[in-house]
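Each remark here refers to the structure printed beneath this line.
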Amino acid sequence: MARVGIERRPLRLADIALTVWIGILSVVTVYGALTTTGFLTVSNMKAILTAASFVGIIAVGLTVIVLSGNLFSLALGQTAAISAMVFLYSLRWGLAVGILLTLLLGLAIGTVQGFAVGAWGANPIIVTIGAAGLIEGMAVWLSHGESIVPPSDETSWEHLANPLFGLPVPVYVFIVVTIILAVVMRRTRFGRQIYLLGENRVAARAAALPITLLTVGAFGIASLYTAGAGVLIGATSANASLLLTGSYTYDAIAAALVGGNAVTGGRGSIARTAAGAIFIATISDMLLLRGYSTGGQILVRGIIVVVVVVLTNLRERNR
Amino acid sequence: MSTVETTRRRPRAGELAPYAILAIMIVALALVPVVTQYTVRTANVYDIFQNFASYGLVALALGVTIIAGEFDLSVSSMYLLGGMVAVLTGAGSPLVGIAAALGTAILVGLVQGGLIARFRLNSMPVTLGGYLVVLGITYILGHNKSVMYDNFTVGLRLDKPVLQVFSIRSLASLGIFVVAALVLRYLRVGRDIRAIGGDRRAARVAGVSVDRLLVSVFIVSALGAALAGALLSYSLATASPTNIGFDVLTFSATAALIGGVSLSGGKGSAVGIAAGVLSLSVLQEILAILRSPDYVSSLITGGLLVVVTIVWAPDLSQWFRTTRVAASAEERT
Amino acid sequence: MNGERDPAAESGSRSPLIDASVAPVLLEVIDLSKSFGAVRAVRDLTLDVRVGEVHAICGHNGAGKSTLVKALVGLVRPDEGVIRFDGNEISLRNPHDAQAHGIALVNQELSLVPELTVEDNIFLGGLDVPLLYRRRRLSEHARSVLDQLGLRHVQLGRSVESLSIGERQLVEIARLLVRDARLLILDEPTATLSKPEIERVFKATRDLVAQGRSVIFVSHRLDEVFELCDRVTVLRDGQRVATHEIHEIDRRTLIEHMLGEMEGARAMGEHGHAIPVSGEAVVRIDRLNVPGSVEDVSLTLESGIITGLAGQVGSGTSTILRALGGLVPNASGTVEVRGKKVLLNTPRRASAAGLLYIPNDRQREGLFLGQTVERNLTVVRLRRLSRLGVLLRRRIQRAARELATMAGVDLDRLGSPAASLSGGNQQKVLLGRALQLEGTALLALDEPTRGVDVGGRADIHNLVREAAREGTAVIFSSTELDEVLDLADVVVTIFHGRIVSIVPRAEASASAILADMTTSHASGTGMSS
């Protein structure tokens, strides 16, 4: 059929800026790799991967929330902590039960939040802030403020803590779950609909997409993955308390944003987040090796986040 | 000839909620002696206002950004930075320290607000990055440790009881709340802030300079958080890069929301936020009297936040109606 | 149907302190031209507005009215032409310039902030508003302006949220008066107003001109034009076709000016429509009611028949279709699809019932601009194109190709983001997604060719006919007469939320339809406020 009308190809400033940014990052990374002593060693690479894995597992789960247009969840650190605690506690019933129970808990925590956001339109950030407080309170309450350790007669969990063929288990898990989720997001109806929902919520409604289900799914997956990370964190530390919350929340969000996922949803991918997680772990490692303090690392991460957010959101005015 | 009527409108039910909640909390406090052996004394009221002084301005800062239709996630680390800068620069004179903290705040607010306004960005991810940047700077300034403030007398003076229940710190906070209330209510800029939060497009079309106002809002937000942090650090004679055990963000968000600030923007008042902060302060005092462990406070505050967010969720009533209609329709068939 | 108005009786209802026919000229527009890309919105437009007059601008859709208005308030910069105000040439680069000269606009999309009070909104964004704006002097001024506009009962401290649309419109006018606007442009101000509210706007307008201000009244409501205005200018295809003193013209001539060549050529429809054989009743709508916009609409839609809802902006046509799409939760009434009653309070239910709605705001509510054309085309049929939740890639690509071909979208563009397509092609993508979907009982198309040029429109119309031929019932809405006449088998005219007439195409006449779309009929009091 005839082509009618003038095709507009707007100059994609965002694409140019992003490409330049990736270029700069690559140069900096390579430079850093070459000039940091102790960086290019096998053990260091393993350390990076391990660090990236915990954050990465949480971050890829979080990505589904980001892609769905619900910004992000601020409850993930607490979810990971309570998951670790629940896991170590329920090891008394065996490894399988421990894992299963923890994952179910994660799923439950997530779906409740997702329902409030999807069915009732509650603000996702605030809901997750509140959930974080609730989860934290529950965690301390149930543990009486003490750390949880695995039962002395149960050692099955050590399988998770010990390296497998030279690499820590979390690395394998990270790779596997990332691939699974990437496939889900690209190849399933759910994944496709999440992208559409994130792109334009109003249009998604008009096109009769199942918004509540999708939102519940997004938050559920994020929490599920976080619970999984919690299992691994608990096993690796053999000790779980709220101190574990650490900076997982912000690191995961930073990973998702730095990878280049649009914060308003609809654009990006699981792979990008995984890359972001690895990149952040790399930079953090480099900074650590070069003697940067905690503060310096946080600062650098923050700057990267801000820059990437500005660059990836240079779009046509949407307000 | 029609006389000019007062422009105060009759408050609607929803607007009275913050005061109702405060009333409930005060009643609960009054009931404490009934439940325990404890007698509520002026010292408790003093504590309440001290708590107000410590965190009230942060809630006000966050609240103002929400009223303007945005959300400043960086208030919790700006708070810490304010304290750190004040302690580090205020060795000679506390006023210098406060001035420095405020100056830093203006800078941070300018950058954040500038980025958000200029590039029409969503404020949440930007302020999330800002949170990290500010936190990082705080750590760096303190060399990753807490920093002592040698000038103990400043803290003592700030916290000395005035009229038994107040202190200079709490009076300063209250004073700023009063100023904020007046500005939001009577000054053109206050109305414009509510306008850009209520309907940004309409405000822009009507002629409000939205961009300039957005930057100002983020500057104000940073100032509020920094001042609260600075005063608290003087009071504690320490500045710390962390705030374990207490989430300033949750507290502020809850206080603002139960104080009547609407997440959709355009609605809220400084007085309401004050009531929200007081409510939570009374609550925390009650829990302290009952010797409740910290986590109870987390639970209640977190729970309150979730409840308030759901109750004021935009599609809640719609969902009820839809489900009810569907249920009765299915009954009929 | 009302007969011709008696011009003599009309002029007596205005008390002219200023005799508009000899008043000096306030605004002069000379040879104004503006194009948007290849589309010439306005061409060599010349007109003038006198001091103290109410000047109507009439014209069918696409005639150039909105471009003219936008140029006058600084929202659009003309390519050529001169604007003179008070005899001086002025340049209107932005709305602030317009405000500074005293030119102001009230249109359908009000710029009031609902969360603020009436007084706040009146002084919102004004150039001269002082820092401490709640001064007694200003409040008194606002109060007197509100009283003038008939809003005596509305307190300054009342929240705008609680006002009706008509009252809000008057508040917006109040804002402009407080800014001392000398030329007010009212763009379709009465579309969503009740009768008493319309009266108030009229009275306010008359008072304004009595004070020496001027009003440009853009409207398609010919009754109101005759009742209110001193002169009328008709635009067609971006040019001025005629300007008359109101007492020198009658309704029929006015309509003829607006239609131009159409009347002859389109009288019987170029496609030689015979009424297609009636199909079974697929959708029965009984007493559809939406408070404030649609009243008591009952329609039967048959398979294979294309029903056209002809009505201007704000008449309720869009609301009717949205209700069918499940997007109007407070709609009441009964809808039966293939004999079964269905609940339409969510889009999911509507879709499950086989009602496929295509929104009219393609950028905001229709398309997923950042997603590929392929994703946009397949959005509503993913369930069919997947098995156990997994997408069947090959089938999706095939479906997208088929739909694109049917819709006339270049296959090369399937992988491009929808945002990169031209308006016409975007519309085709939007429509394409609704084609050939199994189980569709009814296609509800809200302004199917909005912003599409002539060639694209013809393509889209063919698409729609094709869909109907395959047995789907189709209902569409349009503000454009020639589209309705070209496409519909049955023409339903809607005015003020009610059905005015239902006429098979073969028996329809352009002027009758236009009259029905633009005139109120004495029956009923219209929407109550």
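Ordering of the structure tokens sets the chain letters (A, B, ...), residue numbers begin anew at 1 in every chain, and ligands are numbered from 1 in the order given.
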Problem set entry | Picked from stretch 329-489 of chain C by DSSP as helix (DSSP H, G or I), as an MDAnalysis selection string | chainID C and resid 347:352 362:366 373:381 393:407 411:415 418:420 423:432 454:469 481:487
Exercise. When the cut-off is 7 Å and we count only C-alpha atoms, which residues of chain B are near chain C, given as a ChimeraX atom specification?
Worked result: /B:4,7-9,186-188,191,195,198-199,202-203,205-208,266-267,322
For this session: Enumerate as a ChimeraX atom specification the residues belonging to chain C that approach chain A to within 9 Å, with only C-alpha atoms taken into account.
Result: /C:37-38,325-327,346-352,356-359,362-371,375-376,379-380,382-383,385-393,405-410,419-425,452-453,455-456
For this session: Define the interface residues of chain A facing chain B as those within 9 Å, counting only C-alpha atoms, and report them as a VMD selection string.
Result: chain A and resid 71 to 72 116 to 117 119 to 123 125 to 141 145 250 253 to 254 257 263 to 264 293 to 307 309 to 310 313 to 315 317 to 319
Residue neighbourhood A:Phe39, 7 Å, only C-alpha atoms, exclusion window fewer than 5 positions, as a compact mmCIF listing (two decimals) with C-alpha atoms, in the first residue's frame:
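Dumped everything to around-v6.txt:
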# COMPACT_ATOMS: atom_id res chain seq x y z
CA ALA A 33 41.38 -1.87 35.17
CA ASN A 44 39.50 -10.19 42.36
CA MET A 286 38.19 -0.57 41.83
Problem set entry | Which of C:Gly102, C:Gly52, C:Gly451, C:Gly311 sits closest to C:Thr205 [using only C-alpha atoms] |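 Nearest to C:Thr205: C:Gly52.
Counting only C-alpha atoms and comparing B:Tyr79, B:Phe177, B:Tyr46, B:Phe52, the residue that lies closest to B:Val271 is B:Phe177.
The space separating atom CA of C:Ile499 from atom CA of C:Ile320 comes to 10.9 Å.
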Exercise. What separation in Å, quoted to one decimal, exists between atom CA of C:Ser318 and atom CA of C:Leu435?
Worked result: 20.2 Å
